[in-house]
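Some notes on the structure that comes next.
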Amino acid sequence: MRRFLRPGHDPVRERLKRDLFQFNKTVEHGFPHQPSALGYSPFLRLMAIGTRSGAIKLYGAPGVEFMGLHEENNTVMQIHFIPDQCQLVTLLDDNSLHLWSLKQHGGASELREEHRFTLKGPPGSPPSATQVTAVLPHSSQEVLYLGTESGNIFVVELPSLGVLEDRTITPEAVLQRIPEDNCNRRSCEMVEALREHPKNPDQILIGYSRGLIVLWDLQNNKATHHFLSSQQLENLYWQRDGSKFISCHYDGSYTQWPVSSDNRQSEPLENTVPYGPFPCKAISKIYWQTTKNGLPYIIFQGGMPRASYGDRHSISVIHGSQQTAFDFTSRVIDFFIIFSSDPAAEFDDPSALVVLAEEELVVIDLKSAGWPAVHPPYLASLHCSAITCSHHVSNIPLKLWERIISAGSKQNIHYSSMPWPIDGGTNIAPDPPQRDLLLTGHEDGTVRFWDASGVCLHLLYKLSTVRVFLTDADPNDNMNTLGEDEWPPLRKVGTFDPYSDDPRLGIQKIYLCKYSGYLAVAGTAGQVLVMELNDEDAEHVVDHAEADLLQDQEGYRWKGHEKLKTRDGPVQFEAGFQPFVLVQCQPPAVVTSLALHSEWKLVAFGTSHGFGLFDHQQKRLVFVKCTLHPSDQLALEGPLSRVKSLKKSLRQSFRRIRRSRVSSRKRRGGGGNASEVQEANAKFDQDVLQEMELAPVQRKIEARSAEDSFTGFVRTLYFADTFLRDSSRHCPSLWAGTNGGTVYAFCLRVPPAERRMDEPVRAEQAKEIQLMHRAPVVGILVLDGRSTPLPEPLEVAHDLSKSPDMQGSHQLLVVSEEQFKVFTLPKVSSKLKLKLTALEGCRVRKVTVANFGSCKTDDYSENDLAVLTNLGDIQIISLPFLKLQIRYPCIRKEDVSGIASCVFTKYGQGFYLISPSEFERFSLSTKWLVEPRCIVDMPEVTSNNHVHKSGSENAARKS
Amino acid sequence: MNRAQRGAAGSRGLGTMEVKSKFGAEFRRFSLERSKPGKFEEFYGLLQHVHKIPNVDVLVGYTDIHGDLLPINNDDNYHKAVSTANPLLRIFIQRKEDADYSAFGTDTMTRKKNVLSNVLRPDNHKKKPHIVISMPQDFRPVSSIIDVDILPETHRRVRLYKYGTDKPLGFYIRDGSSVRVTPHGLEKVPGIFISRLVPGGLAQSTGLLAVNDEVLEVNGIEVSGKSLDQVTDMMIANSRNLIITVRPANQRNNVVRNSRTSGSSGQSTESSLPSSTPNILGNLTQGEEESDEEDIIIEDSGEPQQIPKAAPTSESIESLSQIELLHESTQNGFLPSSEMNLNHSAGSISMEYEVPEPGRKSLEEDGTIITL
C-alpha cells in the first residue's frame, strides 16, 4: 500500500518546503555587458547606464541600484534625467522614447516604465523626418525638445509624451531670420545638439550638423543669434554664466563663441585644434568648467591625431598648463563631469570626471594633484582578464577578513582617497548577515578576492601567481612610464586588460581554508600552488616538486603545452597570500580537481591522467595514481592534439574532394569536350553540397564503455575522516571520482601533530568503486551517523560546527552526472539512488551541499543538495533520502558558459555569469537573501527658483 | 571417472577438446576430437556412459561463451557447442522428469544478478527460475516487441537487450517534425527520429527499428518537449535496458490485434503480453534497473565484486522494487501457446507451462553470488 503514498504529498513537508525554499534572482554584480548610453542627474546624484540589450541600470551610493529592462530589448541610445524629478527618458535605436520613474512602493523605491512614445511624422514623410538625434528635457519639467535628422525640433509634453504640434521649430522658421547668403535649406539638416541657456530658460541653443548654431527664443519663437562654423558640428556646451559657449567639431577643433546682446551674428573668440597641426579625429563631446582661480577646465573626448593616435580611446583634460589625455583600453561610450550643482555658486568647480568605457567605469579625481583614479565601489570589471573559475567561501572569520583587506589596501595606494562622488539615494537593506568571499580565477594567472557579502561586489585584494614562473611577459609594464615631453600626453587608465601573455598561467581551481588562511590554486599547465597569508612583504624560495602522474605508462607522447618554467632562487612577494609550495603535474595537463586539508596539511590534485597527494608540511609527494585507460590516446596526447587531428581530417577530406574531382575530370577527359567536363564538375559540386545539406544534426546512441576517451579525467577529490576499512576505527581518507564513473578511496595515515615532521604520511588504496552507468563522478560526500555531511577541516576545532557523529554508521554519497547514489560504509553496499538522466534527460553540472534555514523559525535548518543541471534548472534534493524537493528554471540551457560558471554558496545562494563581465546572484533560500533595497528621496525643490537652478543641472547633461 | 580419460584430456592434443560434464553433484571430464565431434546420438550415449546412467532420459545443456546455458538436442546445436567451446566445453545434464527448462537460454544475461560473472566467472549461472516456453534453439534474445496490447496499433515498443552482446546499440537520432492530429486539425510538431542504423549493430540486427521511425518514448517517458540532446542522454542512461516506443515510418508491418495471423516481419521475433496493466512499463523498468545495474567494488586491491544492496530498510521503495521484480518476471515470460508452437522444433521435449515458484533453484549452485 505504501506505494500509493507518493512522496511530496505530505502536507507538513509541503508547508516546510515553502518556509525553506524560494527562488529569486536578486542582483547583477559587475559591469554591464555592452553598455551603450550614460546619463547623470546632479539633482538625484544618480548615474544611469543603458545597454545594447535594452537594460537600464541606475547607480547611486553603494547599495543603491535599480534595474529596468525595455521590452523591445533594443539598444539604449540616450538617457536623460528630467531636471529636478525622479524621472528619466530613454531613447532606443528603434526611435522610441520611454519615460521611467522612481516611485516608492512598500518602503523602497522602484524603477518603472511609465510611458512610451514614438515620434510620427506626417503621412508619406521619410523616416528620417522623425529620427530623433538630440533630446533636451526642459528645466520647466513640462516639455522635451526632440531634435531630428530632418532638422525639425519637436516639442513633447511631459509626462504624457504627447506632441505639441504648434510648437515645432521647423528649419524654415529658423532660416527666416538668417541672411540667405551664408545659409541655405541644407544648413538645417540634422540637429546635432540642443542646449538650454543656463540662466534664461526661454532660450535654447540649437546646433545643426553642418555648422550652423542658432540661439532660439522660445517666447517669441524666433532666432535671436546665429553662429556659423566652417566645420561640421559635433557638440555644444554653455559656459556657466551663459555669456559664452563652446562648440566642438569633426576636424578635431573646438571653438568659443561670445553671446552678446548687441551683435546678432558673432565671430568666434578662439578656435583651437588641441592635437594639431596634422589631421585629427573628431571631438565628439566637450565640457567647459569654470573655477575660482580663473583657469577653466576644458574636457573633451577624442581629437587625437588621426594617423598616429587615431586608434586611441581618449578623453583629454586641459587646465591651464596641465594637460592629460586619459587613454582607455576600450571604446569610450560617454562621460560626464560632477561639479557644483548649487545654483547660487559662481563657479563650476569640477570634482570628478566619470567615464563609461565599453568594458569599465573609470572615475578621475579632478581635485587632487595628478588627477588620480577613484576606486569604484561597484561596477567592477570582473572580466579585466577573462574569468576561468570561481570559488565561494561563506562566513569568513573576522580576523582573516581584516588581513585580506589590509593586504588589498596596500595594493590600492595609487587610488584617490576621494569619497565616491555618485552618492544619491539611501541604502536601506539590512546589513549582510555574514562576510562572504567570492574568489575568481583569471586567465592571466591572477585570483581576485571579492567582497560578496552584500549588493556591491567589491574588489578586496588581487593575487598574482605569475611571479613564481618565468614567462615571456615583461613584469615591468612600461605603460605609465611615458616621458615628460611625450605628445600627446597620454596616460593609461583603467584595469581592463583582456590580453593574456601566456594561457598556461590561467587559474583553474581554487580552494581557500578560511580557518587557517591556507590557499591552494591550480592552473592550466598542471601547476598547483599552496599559499599562506603573510601580512608583510617577504622574499623566499618556493619549494618545488614534480608529480609524474603517468609513472608506469609507456610509449606515449604528450603533445600539449610545456610545463611552466619556474624562477630559481628567492622571489619577492608582496603582503598577502604568498606561495611556499609548487607542485607541477607531469604531463602538464590542466588541473581538473583540487582539494586541500588544512588540518592534515595535505593537498590533492587531479588531471586527465591521474591524481596525486602532496604533504605540504613535509613538502613531500605522498603518492600518485594514474587513472588513465591505456587505450585513451586522446588524453595521453593532450588537449592540442584534438585540434590538430580535426585540422588534419579537414585537410584530408578536402584533398579527397579535390582528388575525386580530378579523377572525374580525367575519366571524362580525352574525348569529352570542355563544357561536358564543366557540367560534370558542376554536378559534382552540387552533389557534394547536397550531401552536406542532407547530413542532419544527429546523435549517436551508444552505451558508455571503459574504452571511451577521457574516462581517467579526475573530476572530484574529497578528504574525509570516516570508516573506510572497518566500522570500529575511522581514519583519514582521500576520495577521487573520475569521468568514467570510477571512485577511488585511499586510506591515509597522518602522523600525530607532535611527530608530524618526523614520520611520513602514508596512503594505501582501500576501495575502488565502478559505477556501472559509467557517468562522470561530479561529487563525493560522506554523511556521518546523523546523516549530516562531514564538517570542513578545522571547522570543529574552531567551534563552528558540531563534531561529526562517529557512533552511527557513515554513508557515502556519490553524485554522477546521471545519478545520485548512497552507499553504506565501511562495507560498501548500495542503499539508495536517484536517477536523473534516465528519467528526465538532464545531467548534473554542479552540486553542493547547502544549508537551508526556515524563515518562520530560527531553530530549524536542514542540509540539502543544490544541483544545477545541463538544462539550466536548479533542483534541490533532500539528504539523506535523495528526494527531489523543488525545481526552478534558472539559466537558459543554451547559455553553456553561464551554466559552467555557476557556483553555489553554503547557504543556498549562487552566482553565475550572464556575460563575461557580470555575475547574476540568485537565492534558493527564504532566509538568506541579498538584494538591493533602497530609497531615493526627492530633494526639496522650491518651485519658483528653478530658473536659476536649472542652468547648472542642464549643463551636466549630454545628448 | 577413470583416470585414463582425464589424463588424456589433460594432455591436450592439438585437435582435442576438454569436456567437463556435470550431472547432479558429479563431474566427469573427458576429451573429444574437435574436428570430428560425431553425431548428437553418439555424444548422448557417451554422456550416459561416462555418468553411468545408461537408461535415464536426460536433457543436455552447455554454457556458451556468454555464460548462458543452451541446450544440446540435435546435431546442429551439438556441433555449434563443440565449435564454440573455448577452451573447455561445459556440459550440464538433467533428468528429463525433473528438468528445469527455465534454466535454459533466453534472457539469462539480462536477468543476471551478477553482471560480473560474465567476466570473472564464466561458469556462473543465474539462479532465478524462468517460465519455460519452448526449448530455445541456438539463439539469444536481442530484442523484443512488448506491450502490444496496450499500445495503439501504429506504435511499437521495442526493447533492446544490450547485455551479453558485444554489438553496439548502433543507431543515431535526429530532430525532425511530424504531423499530429489535434482538435484544431493537423499540426506540425517537432519530433525525434531515428536517422541512421549502424550496419551490424544491435538496432539494425533486430529489424524492429528503421530509419525515419519517430521516437515517442524512452523507457516509458515521453520525449515530446525534450531536446535531441536530452533524448540522447536519456537513451544512453538507459542503454543497458533500452525500451523505445516508436511510430514506424513503415506502417505496413504493424501488428494487427485480435488476429494472430500476421505481424511477423520476417526477421523479427515477436511476442505479446496477453494481460498486463497499463502501468506495467513503469514497474517493469524500475524492476529491471534494480537488477541490471549493480556497481562493482574492489576492496584493498582484491577481486572485483558486485556491490550488494543494503538490507532493505523500512524504505518503501526498497521493498517495492523486489515485489515488482518478481511480478515482472512472471509477466514477461508468458506467451500464448500458438506462438509457442511456432518456436518449438524437436518433438522430443514435452511442452508444458510451468509457473515457477520463487524459491526454486536452477541447475547450478554457486555460493559466491550475492543476491537480493
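Naming scheme: A, B, ... for chains in displayed order of the C-alpha cells; residues 1 onward per chain; ligands 1 onward as shown.
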Next on the checklist: At a cut-off of 8 Å, which residues of chain B touch chain A? Count only C-alpha atoms and give the answer as JSON, numbers by chain.
Outcome noted: {"B": [168, 169, 170, 171, 172, 173, 174, 175, 195, 221, 226, 228, 229, 230, 231, 232, 233, 234, 235, 236, 237, 238, 239, 240, 293, 294, 295, 296, 297, 298, 299, 300, 301, 307, 308, 309, 310, 311, 316, 317, 320]}
Item to check | Which of A:Leu361, A:Tyr237, A:Cys389, A:Ile510 sits closest to A:Gly898 [using only C-alpha atoms] | outcome: A:Cys389
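The environment of A:Gln34 within 10 Å, counting only C-alpha atoms and disregarding residues fewer than 3 places along the same chain, consists of Phe31, Ala37, Gly50, Thr51, Arg52, Ser53, Thr75, Ile333, Ala357, Glu358, Glu359, Ser915 and Ser917 of chain A.
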Checklist entry - Which of these residues is nearest to A:Leu621, using only C-alpha atoms: A:Leu582, A:Leu194, A:Ile780, A:Leu382? => result A:Leu582
Item to check | Å distance separating atom CA of A:Gly808 from atom CA of A:Thr716, one decimal place | outcome: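 Taking atom CA of A:Gly808 and atom CA of A:Thr716, their separation equals 26.0 Å.
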Item to check | Shell of 10 Å around B:Thr245, only C-alpha atoms, local chain residues under 4 positions omitted, as a ChimeraX atom specification | outcome: /B:145-147,151,155-159,209,213-223
Mind dumping the selected residues with C-alpha atoms as a PDB file, in the first residue's frame?
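The resulting file, part12.pdb, is reproduced below:
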ATOM      1  CA  ILE B 145       8.311  -6.105 -29.018  1.00  0.00           C
ATOM      2  CA  ILE B 146       6.384  -5.562 -25.850  1.00  0.00           C
ATOM      3  CA  ASP B 147       3.076  -4.185 -24.674  1.00  0.00           C
ATOM      4  CA  LEU B 151      -0.326   0.399 -27.423  1.00  0.00           C
ATOM      5  CA  HIS B 155       3.090   2.316 -32.341  1.00  0.00           C
ATOM      6  CA  ARG B 156       5.687  -0.235 -31.485  1.00  0.00           C
ATOM      7  CA  ARG B 157       7.505  -0.646 -28.224  1.00  0.00           C
ATOM      8  CA  VAL B 158      10.893  -2.226 -28.708  1.00  0.00           C
ATOM      9  CA  ARG B 159      13.223  -3.465 -26.087  1.00  0.00           C
ATOM     10  CA  LEU B 209      13.741  -0.205 -35.840  1.00  0.00           C
ATOM     11  CA  ASP B 213      10.872   5.892 -37.270  1.00  0.00           C
ATOM     12  CA  GLU B 214       9.649   8.519 -34.853  1.00  0.00           C
ATOM     13  CA  VAL B 215      10.744   8.029 -31.254  1.00  0.00           C
ATOM     14  CA  LEU B 216       7.822   8.637 -28.913  1.00  0.00           C
ATOM     15  CA  GLU B 217       9.009   7.334 -25.567  1.00  0.00           C
ATOM     16  CA  VAL B 218      12.203   6.218 -23.915  1.00  0.00           C
ATOM     17  CA  ASN B 219      11.687   3.751 -21.079  1.00  0.00           C
ATOM     18  CA  GLY B 220       8.152   4.962 -20.589  1.00  0.00           C
ATOM     19  CA  ILE B 221       8.954   8.653 -20.622  1.00  0.00           C
ATOM     20  CA  GLU B 222       7.551  10.743 -23.414  1.00  0.00           C
ATOM     21  CA  VAL B 223      10.118  12.578 -25.453  1.00  0.00           C
TER      22      VAL B 223
END
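One distance worth recording is that between atom CA of A:Ser854 and atom CA of A:Trp928, which is 9.8 Å.
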Checklist outcome for this item: The residue from B:Pro190, B:Gly207, B:Gly176, B:Gly24 with the smallest atom-to-atom distance to B:Val142, counting only C-alpha atoms, is B:Gly207
Item to check | Straight-line distance linking atom CA of A:Trp420 with atom CA of A:Gly60, stated in Å to one decimal | outcome: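 Atom CA of A:Gly60 lies 9.3 Å from atom CA of A:Trp420.
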Next on the checklist: Env of A:Gly517: 7 Å cut, atoms = only C-alpha atoms, seq-sep filter 6 positions within chain, self excluded. Answer as a PyMOL selection string.
Outcome noted: chain A and resi 400+532-533
Checklist entry - Hey, what's within 10 Å of A:Met67 if we count only C-alpha atoms and toss same-chain stuff fewer than 2 positions away? As a ChimeraX atom specification, please? => result /A:27-28,48-50,55-59,65,69,110-112
